[in-house]
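Source file model_37.pdb; content: PDB, C-alpha atoms.
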```pdb
ATOM      1  CA  MET A   1      -8.084  23.332  -6.629
ATOM      2  CA  TYR A   2      -7.086  19.808  -5.678
ATOM      3  CA  ARG A   3     -10.233  18.006  -4.552
ATOM      4  CA  LEU A   4      -8.891  14.471  -4.178
ATOM      5  CA  ILE A   5      -5.711  13.786  -2.189
ATOM      6  CA  VAL A   6      -4.344  10.240  -2.186
ATOM      7  CA  CYS A   7      -1.585   9.614   0.318
ATOM      8  CA  ASP A   8       0.724   6.719   1.051
ATOM      9  CA  ILE A   9       0.919   5.706   4.709
ATOM     10  CA  ASP A  10       4.264   4.207   5.695
ATOM     11  CA  GLU A  11       7.296   6.488   5.441
ATOM     12  CA  THR A  12       5.005   9.206   4.045
ATOM     13  CA  LEU A  13       2.081  10.079   6.316
ATOM     14  CA  MET A  14       3.401   8.201   9.352
ATOM     15  CA  ASP A  15       6.686   8.964  11.077
ATOM     16  CA  ASP A  16       9.365   6.358  11.689
ATOM     17  CA  ARG A  17       7.572   5.257  14.875
ATOM     18  CA  HIS A  18       4.477   4.559  12.746
ATOM     19  CA  GLN A  19       2.613   7.409  14.400
ATOM     20  CA  LEU A  20       0.606  10.312  13.000
ATOM     21  CA  THR A  21       1.991  13.721  13.891
ATOM     22  CA  GLU A  22      -0.439  16.242  15.325
ATOM     23  CA  ARG A  23       0.409  18.734  12.599
ATOM     24  CA  ASN A  24      -0.484  16.191   9.912
ATOM     25  CA  ARG A  25      -3.732  15.310  11.673
ATOM     26  CA  LEU A  26      -4.825  18.931  11.993
ATOM     27  CA  ALA A  27      -3.973  19.748   8.370
ATOM     28  CA  ILE A  28      -5.942  16.733   7.116
ATOM     29  CA  GLU A  29      -8.895  17.668   9.327
ATOM     30  CA  LYS A  30      -8.841  21.216   7.935
ATOM     31  CA  ALA A  31      -8.668  19.961   4.346
ATOM     32  CA  ARG A  32     -11.591  17.602   4.902
ATOM     33  CA  ARG A  33     -13.655  20.407   6.418
ATOM     34  CA  ALA A  34     -12.962  22.356   3.213
ATOM     35  CA  GLY A  35     -14.564  19.526   1.213
ATOM     36  CA  VAL A  36     -11.395  17.772   0.066
ATOM     37  CA  HIS A  37     -11.357  13.963  -0.103
ATOM     38  CA  PHE A  38      -8.326  12.604   1.767
ATOM     39  CA  VAL A  39      -7.741   8.987   0.815
ATOM     40  CA  LEU A  40      -5.216   6.538   2.233
ATOM     41  CA  ALA A  41      -3.413   4.597  -0.522
ATOM     42  CA  SER A  42      -1.426   1.631   0.712
ATOM     43  CA  GLY A  43      -0.129  -1.836   0.056
ATOM     44  CA  ARG A  44      -1.932  -2.742   3.260
ATOM     45  CA  GLY A  45      -5.522  -3.878   3.639
ATOM     46  CA  PRO A  46      -8.281  -1.802   5.259
ATOM     47  CA  GLN A  47      -8.372  -3.709   8.545
ATOM     48  CA  SER A  48      -4.692  -3.064   9.210
ATOM     49  CA  VAL A  49      -5.159   0.734   9.148
ATOM     50  CA  SER A  50      -8.255   0.998  11.333
ATOM     51  CA  TYR A  51      -6.250   2.701  14.105
ATOM     52  CA  LEU A  52      -5.123   5.397  11.655
ATOM     53  CA  GLN A  53      -8.638   5.856  10.321
ATOM     54  CA  ASP A  54      -9.726   6.404  13.926
ATOM     55  CA  ASP A  55      -7.092   9.121  14.363
ATOM     56  CA  LEU A  56      -8.310  10.825  11.174
ATOM     57  CA  GLY A  57     -12.014  10.444  11.999
ATOM     58  CA  ILE A  58     -12.731   8.484   8.801
ATOM     59  CA  ARG A  59     -13.180   4.951  10.114
ATOM     60  CA  ASN A  60     -16.459   3.308   9.078
ATOM     61  CA  GLN A  61     -17.623   6.543   7.448
ATOM     62  CA  SER A  62     -19.763   6.853   4.322
ATOM     63  CA  GLY A  63     -18.208   8.942   1.569
ATOM     64  CA  GLU A  64     -14.673   8.167   2.771
ATOM     65  CA  TYR A  65     -12.452   5.762   0.842
ATOM     66  CA  MET A  66      -9.235   3.743   0.784
ATOM     67  CA  ILE A  67      -7.047   2.421  -2.029
ATOM     68  CA  ALA A  68      -5.844  -0.878  -0.541
ATOM     69  CA  TYR A  69      -3.435  -3.642  -1.577
ATOM     70  CA  ASN A  70      -1.671  -1.314  -4.060
ATOM     71  CA  GLY A  71      -4.939  -0.806  -5.932
ATOM     72  CA  GLY A  72      -6.115  -4.427  -5.730
ATOM     73  CA  MET A  73      -9.131  -3.212  -3.774
ATOM     74  CA  ILE A  74     -10.862   0.163  -3.483
ATOM     75  CA  CYS A  75     -13.187   0.415  -0.498
ATOM     76  CA  GLU A  76     -15.681   2.800   0.978
ATOM     77  CA  ASN A  77     -14.758   3.014   4.647
ATOM     78  CA  LYS A  78     -18.329   2.354   5.766
ATOM     79  CA  GLY A  79     -18.177  -1.366   6.431
ATOM     80  CA  ASN A  80     -15.037  -1.542   4.248
ATOM     81  CA  ARG A  81     -17.439  -1.955   1.322
ATOM     82  CA  PRO A  82     -15.497  -2.924  -1.827
ATOM     83  CA  LEU A  83     -16.141  -0.756  -4.878
ATOM     84  CA  TYR A  84     -13.531  -2.620  -6.915
ATOM     85  CA  ARG A  85     -11.468  -5.810  -6.560
ATOM     86  CA  ASN A  86      -8.914  -7.362  -8.881
ATOM     87  CA  GLY A  87      -6.837 -10.191  -7.479
ATOM     88  CA  LEU A  88      -4.605 -13.085  -8.456
ATOM     89  CA  THR A  89      -5.793 -16.425  -9.747
ATOM     90  CA  TYR A  90      -5.400 -19.447  -7.508
ATOM     91  CA  GLU A  91      -2.859 -20.904  -9.915
ATOM     92  CA  LYS A  92      -0.729 -17.745  -9.896
ATOM     93  CA  ALA A  93      -0.911 -17.262  -6.122
ATOM     94  CA  ARG A  94       0.006 -20.894  -5.502
ATOM     95  CA  ALA A  95       2.946 -20.709  -7.907
ATOM     96  CA  LEU A  96       4.282 -17.548  -6.260
ATOM     97  CA  TYR A  97       3.941 -19.096  -2.806
ATOM     98  CA  GLU A  98       5.649 -22.347  -3.740
ATOM     99  CA  ARG A  99       8.465 -20.640  -5.658
ATOM    100  CA  GLY A 100       9.055 -18.230  -2.787
ATOM    101  CA  LEU A 101       9.746 -21.119  -0.418
ATOM    102  CA  ALA A 102      13.043 -21.688  -2.242
ATOM    103  CA  TYR A 103      14.404 -18.293  -1.177
ATOM    104  CA  ASP A 104      15.332 -16.613   2.100
ATOM    105  CA  VAL A 105      12.205 -14.459   2.235
ATOM    106  CA  GLY A 106       9.071 -14.301   4.316
ATOM    107  CA  LEU A 107       5.874 -14.966   2.361
ATOM    108  CA  ARG A 108       2.528 -13.216   2.633
ATOM    109  CA  VAL A 109      -0.650 -13.968   0.756
ATOM    110  CA  TYR A 110      -3.479 -11.463   1.229
ATOM    111  CA  THR A 111      -7.000 -12.765   0.738
ATOM    112  CA  THR A 112     -10.349 -11.139   1.380
ATOM    113  CA  GLU A 113     -10.516 -13.035   4.692
ATOM    114  CA  ALA A 114      -6.978 -12.971   6.097
ATOM    115  CA  CYS A 115      -3.268 -12.470   5.587
ATOM    116  CA  PHE A 116      -1.475 -15.823   5.448
ATOM    117  CA  LEU A 117       2.151 -15.653   6.607
ATOM    118  CA  HIS A 118       5.016 -18.075   6.188
ATOM    119  CA  TYR A 119       7.896 -16.980   8.389
ATOM    120  CA  THR A 120      11.625 -17.419   7.907
ATOM    121  CA  ARG A 121      14.592 -16.178   9.887
ATOM    122  CA  TYR A 122      14.631 -13.124   7.628
ATOM    123  CA  HIS A 123      11.034 -12.235   8.380
ATOM    124  CA  VAL A 124      10.323  -9.958  11.342
ATOM    125  CA  GLU A 125       7.454 -11.563  13.211
ATOM    126  CA  LYS A 126       6.708  -8.393  15.178
ATOM    127  CA  ASP A 127       6.203  -6.375  12.013
ATOM    128  CA  THR A 128       4.149  -3.353  13.078
ATOM    129  CA  LEU A 129       2.750  -2.999   9.557
ATOM    130  CA  LEU A 130       0.689  -6.167  10.005
ATOM    131  CA  GLY A 131      -1.737  -4.119  12.073
ATOM    132  CA  ASN A 132      -5.152  -5.367  13.083
ATOM    133  CA  GLN A 133      -5.907  -7.623  10.147
ATOM    134  CA  ASN A 134      -6.631 -11.322  10.560
ATOM    135  CA  ASN A 135      -3.124 -12.827  10.385
ATOM    136  CA  ILE A 136      -2.741 -16.595  10.046
ATOM    137  CA  THR A 137       0.671 -18.272  10.255
ATOM    138  CA  VAL A 138       1.104 -21.224   7.898
ATOM    139  CA  THR A 139       3.856 -23.808   7.508
ATOM    140  CA  ASP A 140       2.526 -25.481   4.367
ATOM    141  CA  THR A 141       5.093 -26.472   1.767
ATOM    142  CA  THR A 142       2.540 -26.080  -1.030
ATOM    143  CA  GLY A 143       0.018 -23.365  -1.748
ATOM    144  CA  ALA A 144      -2.866 -25.819  -1.978
ATOM    145  CA  PHE A 145      -4.410 -24.221   1.121
ATOM    146  CA  LEU A 146      -5.283 -21.228  -1.085
ATOM    147  CA  LYS A 147      -7.795 -23.222  -3.121
ATOM    148  CA  GLY A 148     -11.193 -21.538  -3.000
ATOM    149  CA  ARG A 149      -9.861 -18.306  -1.461
ATOM    150  CA  GLU A 150      -9.974 -14.898  -3.167
ATOM    151  CA  VAL A 151      -6.353 -13.771  -3.285
ATOM    152  CA  ILE A 152      -5.772 -10.036  -3.702
ATOM    153  CA  LYS A 153      -1.967  -9.769  -3.474
ATOM    154  CA  CYS A 154       1.197 -11.736  -2.673
ATOM    155  CA  LEU A 155       4.533 -10.469  -1.439
ATOM    156  CA  TYR A 156       8.016 -11.588  -0.457
ATOM    157  CA  ASP A 157       9.571  -9.954   2.606
ATOM    158  CA  ARG A 158      13.231  -9.269   3.322
ATOM    159  CA  SER A 159      15.000  -6.070   4.368
ATOM    160  CA  ASP A 160      17.451  -6.237   1.475
ATOM    161  CA  TYR A 161      16.424  -4.740  -1.857
ATOM    162  CA  ALA A 162      19.507  -6.180  -3.601
ATOM    163  CA  TYR A 163      18.445  -9.691  -2.612
ATOM    164  CA  LEU A 164      14.837  -9.001  -3.579
ATOM    165  CA  PHE A 165      15.981  -7.805  -7.012
ATOM    166  CA  LYS A 166      17.692 -11.167  -7.500
ATOM    167  CA  VAL A 167      14.556 -13.012  -6.436
ATOM    168  CA  ARG A 168      12.505 -10.866  -8.813
ATOM    169  CA  ASP A 169      14.718 -11.962 -11.697
ATOM    170  CA  ALA A 170      14.572 -15.602 -10.601
ATOM    171  CA  VAL A 171      10.754 -15.658 -10.684
ATOM    172  CA  ALA A 172      10.417 -13.564 -13.849
ATOM    173  CA  ASP A 173       8.806 -16.471 -15.694
ATOM    174  CA  LEU A 174       5.859 -16.222 -13.270
ATOM    175  CA  THR A 175       5.424 -12.470 -13.433
ATOM    176  CA  GLU A 176       5.118 -11.554 -17.110
ATOM    177  CA  ASP A 177       1.394 -10.894 -16.577
ATOM    178  CA  LEU A 178       1.814  -9.193 -13.185
ATOM    179  CA  THR A 179       2.593  -5.778 -11.751
ATOM    180  CA  VAL A 180       5.767  -6.177  -9.673
ATOM    181  CA  THR A 181       6.827  -3.444  -7.284
ATOM    182  CA  TYR A 182       8.610  -2.677  -4.004
ATOM    183  CA  SER A 183       7.827  -0.815  -0.790
ATOM    184  CA  SER A 184       9.088   0.016   2.706
ATOM    185  CA  GLY A 185      12.612  -1.154   1.928
ATOM    186  CA  ARG A 186      11.614  -4.787   2.435
ATOM    187  CA  TYR A 187       8.679  -5.903   0.275
ATOM    188  CA  LEU A 188       8.593  -7.378  -3.230
ATOM    189  CA  GLU A 189       4.903  -7.218  -4.178
ATOM    190  CA  PHE A 190       2.785  -8.932  -6.827
ATOM    191  CA  ASN A 191      -0.564  -7.742  -8.228
ATOM    192  CA  PRO A 192      -2.305  -8.465 -11.531
ATOM    193  CA  ARG A 193      -0.934  -6.483 -14.453
ATOM    194  CA  GLY A 194      -2.495  -3.021 -14.618
ATOM    195  CA  VAL A 195      -3.315  -3.002 -10.902
ATOM    196  CA  ASP A 196      -1.404  -0.348  -8.978
ATOM    197  CA  LYS A 197      -2.026   2.796  -6.955
ATOM    198  CA  GLY A 198      -2.316   4.812 -10.151
ATOM    199  CA  SER A 199      -5.150   2.666 -11.483
ATOM    200  CA  GLY A 200      -6.767   2.931  -8.052
ATOM    201  CA  LEU A 201      -6.552   6.712  -8.175
ATOM    202  CA  ARG A 202      -8.068   6.847 -11.667
ATOM    203  CA  PHE A 203     -10.919   4.557 -10.630
ATOM    204  CA  LEU A 204     -11.727   6.580  -7.530
ATOM    205  CA  ALA A 205     -11.502   9.930  -9.325
ATOM    206  CA  SER A 206     -13.954   8.628 -11.936
ATOM    207  CA  HIS A 207     -16.245   7.251  -9.219
ATOM    208  CA  LEU A 208     -16.298  10.666  -7.508
ATOM    209  CA  GLY A 209     -16.576  12.644 -10.750
ATOM    210  CA  ILE A 210     -13.315  14.490 -10.089
ATOM    211  CA  PRO A 211     -11.057  15.358 -13.062
ATOM    212  CA  MET A 212      -7.552  13.925 -12.816
ATOM    213  CA  GLU A 213      -6.038  17.416 -12.943
ATOM    214  CA  GLU A 214      -7.766  18.053  -9.594
ATOM    215  CA  THR A 215      -6.025  15.118  -7.907
ATOM    216  CA  LEU A 216      -2.837  15.149  -5.838
ATOM    217  CA  ALA A 217      -0.769  12.140  -4.770
ATOM    218  CA  ILE A 218       1.897  11.941  -2.049
ATOM    219  CA  GLY A 219       4.360   9.066  -1.650
ATOM    220  CA  ASP A 220       7.932   7.935  -1.109
ATOM    221  CA  ASN A 221       8.566   4.510  -2.665
ATOM    222  CA  TYR A 222       8.421   2.508  -5.886
ATOM    223  CA  ASN A 223       4.829   1.368  -5.395
ATOM    224  CA  ASP A 224       3.796   5.046  -5.184
ATOM    225  CA  LEU A 225       5.214   5.954  -8.602
ATOM    226  CA  PRO A 226       2.091   4.983 -10.611
ATOM    227  CA  MET A 227      -0.139   7.312  -8.596
ATOM    228  CA  LEU A 228       2.413  10.150  -8.677
ATOM    229  CA  ARG A 229       2.510   9.795 -12.465
ATOM    230  CA  ALA A 230      -1.289   9.676 -12.745
ATOM    231  CA  ALA A 231      -2.143  12.569 -10.431
ATOM    232  CA  GLY A 232      -2.526  16.177 -11.407
ATOM    233  CA  LEU A 233       0.300  16.849  -8.961
ATOM    234  CA  GLY A 234       2.703  14.128  -7.833
ATOM    235  CA  VAL A 235       4.618  14.831  -4.626
ATOM    236  CA  CYS A 236       7.517  12.889  -3.122
ATOM    237  CA  VAL A 237       8.423  13.460   0.518
ATOM    238  CA  ALA A 238      12.004  14.465   1.361
ATOM    239  CA  ASN A 239      12.868  10.989   2.667
ATOM    240  CA  GLY A 240      11.643   9.310  -0.521
ATOM    241  CA  LEU A 241      13.774   7.241  -2.856
ATOM    242  CA  ALA A 242      15.897   9.030  -5.451
ATOM    243  CA  ASP A 243      14.077   7.229  -8.282
ATOM    244  CA  VAL A 244      10.751   8.522  -6.965
ATOM    245  CA  LYS A 245      12.023  12.064  -6.509
ATOM    246  CA  ALA A 246      13.235  12.008 -10.107
ATOM    247  CA  GLU A 247       9.670  11.579 -11.377
ATOM    248  CA  ALA A 248       7.813  13.752  -8.864
ATOM    249  CA  ASP A 249       6.468  17.182  -9.734
ATOM    250  CA  VAL A 250       7.311  18.406  -6.242
ATOM    251  CA  ILE A 251       9.711  17.278  -3.497
ATOM    252  CA  THR A 252       8.877  18.442   0.013
ATOM    253  CA  ALA A 253      11.355  20.237   2.243
ATOM    254  CA  SER A 254      10.136  18.148   5.197
ATOM    255  CA  ASP A 255      10.450  14.414   5.697
ATOM    256  CA  ASN A 256       7.905  12.018   7.172
ATOM    257  CA  ASN A 257       9.170  12.707  10.695
ATOM    258  CA  ASN A 258       8.488  16.410  10.269
ATOM    259  CA  SER A 259       4.927  16.453   8.898
ATOM    260  CA  ALA A 260       5.680  16.445   5.180
ATOM    261  CA  VAL A 261       2.005  15.804   4.388
ATOM    262  CA  ALA A 262       0.962  18.931   6.305
ATOM    263  CA  GLU A 263       3.521  20.886   4.286
ATOM    264  CA  VAL A 264       1.897  19.683   1.066
ATOM    265  CA  LEU A 265      -1.620  20.476   2.250
ATOM    266  CA  ASP A 266      -0.594  23.923   3.489
ATOM    267  CA  ASN A 267       1.133  24.797   0.208
ATOM    268  CA  TYR A 268      -1.187  23.268  -2.398
ATOM    269  CA  VAL A 269      -4.601  22.721  -0.820
ATOM    270  CA  LEU A 270      -5.257  25.005   2.118
TER     271      LEU A 270
END
```
Could I get this structure in the form of structure tokens?
Amino acid sequence: MYRLIVCDIDETLMDDRHQLTERNRLAIEKARRAGVHFVLASGRGPQSVSYLQDDLGIRNQSGEYMIAYNGGMICENKGNRPLYRNGLTYEKARALYERGLAYDVGLRVYTTEACFLHYTRYHVEKDTLLGNQNNITVTDTTGAFLKGREVIKCLYDRSDYAYLFKVRDAVADLTEDLTVTYSSGRYLEFNPRGVDKGSGLRFLASHLGIPMEETLAIGDNYNDLPMLRAAGLGVCVANGLADVKAEADVITASDNNNSAVAEVLDNYVL
């Protein structure tokens, strides 16, 4: 039996309107009543998914968890209490910020206190994925403002993977000791090396005393691959990327707009 389910949010659990389908909600509720841990695993921080936690009945609850910032933080939902944190050094975060200013990308630096945003014409200011976190717009031309802050993750934002691939190559001298990945068709993300959703899953499974063969992961994009590889069963939704499908154990018949997560729970958990 799969006792720990870790699930990506955007383009996996949520539909294209960034809403939770009723079928998904009911299936998750049924799985939780059966004693299964259902854990959100996202590049986002815990504050930005509070509305979704409300819909699932897991907000501010003891014994409920989230893998946040691509594994940079693992929290218990009660008070968003960190169980684990592994972020970027000030020097690395500043270098990524300053180098990013040379390219046509939006910049985001996630700290334990806020998300700092530097906008460009390629950055969608009304990005629904920003959610309810504390967002601070900055115009600084250096990353000195990050001094003394605990940085968890940085990213570059542009809805053009081909361009982001070029930027990735251009900043390769900064990222030899980092985990570099992509998500949502628009984000180039930077975490410390060894930090990803797979490491987050392994940490949480160990914390809960659940063998890895009793874990199941569901995702759609490059940043989900580490947890699909680590899980006892790795599932890619039908709308997922071809590279992710190629490594998944299972590909759903349904996409994110048609309750793919409920399909997985019905077939492999319930």
Problem - Matched chain/residue IDs from the PyMOL selection byres ((chain A and resi 177-190) around 7), as a PyMOL selection string - result: chain A and resi 153-161+164+175-176+191-195+221-223
Practice task
Could you check how far CA of Arg32 (chain A) sits from CA of Ala231 (chain A), in Å to one decimal?
Solution key: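 Taking CA of Arg32 (chain A) as the start and CA of Ala231 (chain A) as the end point, the length is 18.7 Å.
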Exercise for the section: Run the PyMOL selection byres ((chain A and resi 9-18) around 6) mentally over the shown coordinates, then write out the matched residues as an MDAnalysis selection string, using the chain letters and numbers from the document. Expected result: chainID A and resid 8 19:20 219 256:257
Exercise for the section: Write out as a ChimeraX atom specification the residues lying within 9 Å of Asn135 (chain A), counting all atoms listed in the file and excluding same-chain residues fewer than 5 positions away. Expected result: /A:114-117,130
Do you know which residues the PyMOL selection byres ((chain A and resi 136) around 12) returns on this file, as a CSV table (one decimal) with C-alpha atoms, in the coordinates of the input?
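Saved file part10.csv follows:
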```csv
chain,number,residue,atom,x,y,z
A,107,LEU,CA,5.9,-15.0,2.4
A,108,ARG,CA,2.5,-13.2,2.6
A,109,VAL,CA,-0.6,-14.0,0.8
A,110,TYR,CA,-3.5,-11.5,1.2
A,111,THR,CA,-7.0,-12.8,0.7
A,113,GLU,CA,-10.5,-13.0,4.7
A,114,ALA,CA,-7.0,-13.0,6.1
A,115,CYS,CA,-3.3,-12.5,5.6
A,116,PHE,CA,-1.5,-15.8,5.4
A,117,LEU,CA,2.2,-15.7,6.6
A,118,HIS,CA,5.0,-18.1,6.2
A,119,TYR,CA,7.9,-17.0,8.4
A,125,GLU,CA,7.5,-11.6,13.2
A,130,LEU,CA,0.7,-6.2,10.0
A,132,ASN,CA,-5.2,-5.4,13.1
A,133,GLN,CA,-5.9,-7.6,10.1
A,134,ASN,CA,-6.6,-11.3,10.6
A,135,ASN,CA,-3.1,-12.8,10.4
A,137,THR,CA,0.7,-18.3,10.3
A,138,VAL,CA,1.1,-21.2,7.9
A,139,THR,CA,3.9,-23.8,7.5
A,140,ASP,CA,2.5,-25.5,4.4
A,145,PHE,CA,-4.4,-24.2,1.1
```
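Taking only C-alpha atoms into account, Leu208 (chain A) lies nearest to A:Leu83 out of the set A:Leu26, A:Arg33, A:Leu265, A:Leu83.
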Practice task
Skip region 235-238 of chain A itself and residues of its chain fewer than 6 positions away, then list as a ChimeraX atom specification all residues within 12 Å of it, counting only C-alpha atoms.
Solution key: /A:5-15,215-222,224-229,244-265,267-268
Exercise for the section: Counting only C-alpha atoms, write as a PyMOL selection string all protein and nucleic acid residues lying at most 12 Å from (-17.3, -4.5, -7.8) in the file's frame. Expected result: chain A and resi 72-76+81-87+203+207
Would you put the residues from that selection into a file with C-alpha atoms, as a PDB file, in the coordinates of the input?
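Output saved as selection08.pdb:
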```pdb
ATOM      1  CA  GLY A  72      -6.115  -4.427  -5.730  1.00  0.00           C
ATOM      2  CA  MET A  73      -9.131  -3.212  -3.774  1.00  0.00           C
ATOM      3  CA  ILE A  74     -10.862   0.163  -3.483  1.00  0.00           C
ATOM      4  CA  CYS A  75     -13.187   0.415  -0.498  1.00  0.00           C
ATOM      5  CA  GLU A  76     -15.681   2.800   0.978  1.00  0.00           C
ATOM      6  CA  ARG A  81     -17.439  -1.955   1.322  1.00  0.00           C
ATOM      7  CA  PRO A  82     -15.497  -2.924  -1.827  1.00  0.00           C
ATOM      8  CA  LEU A  83     -16.141  -0.756  -4.878  1.00  0.00           C
ATOM      9  CA  TYR A  84     -13.531  -2.620  -6.915  1.00  0.00           C
ATOM     10  CA  ARG A  85     -11.468  -5.810  -6.560  1.00  0.00           C
ATOM     11  CA  ASN A  86      -8.914  -7.362  -8.881  1.00  0.00           C
ATOM     12  CA  GLY A  87      -6.837 -10.191  -7.479  1.00  0.00           C
ATOM     13  CA  PHE A 203     -10.919   4.557 -10.630  1.00  0.00           C
ATOM     14  CA  HIS A 207     -16.245   7.251  -9.219  1.00  0.00           C
TER      15      HIS A 207
END
```
Practice task
Tell me which of A:Ala162, A:Ala27, A:Val171, A:Ala41 sits closest to Tyr97 (chain A), counting all atoms listed in the file.
Solution key: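 When distances to Tyr97 (chain A) are compared using all atoms listed in the file, the smallest one comes from A:Val171.
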Practice task
For a cut-off of 7 Å around (-10.2, 12.1, 8.9), file coordinates, pick out all residues using only C-alpha atoms and list them as a list in words.
Solution key: Ile28, Glu29, Arg32, Gln53, Asp55, Leu56, Gly57 and Ile58 of chain A
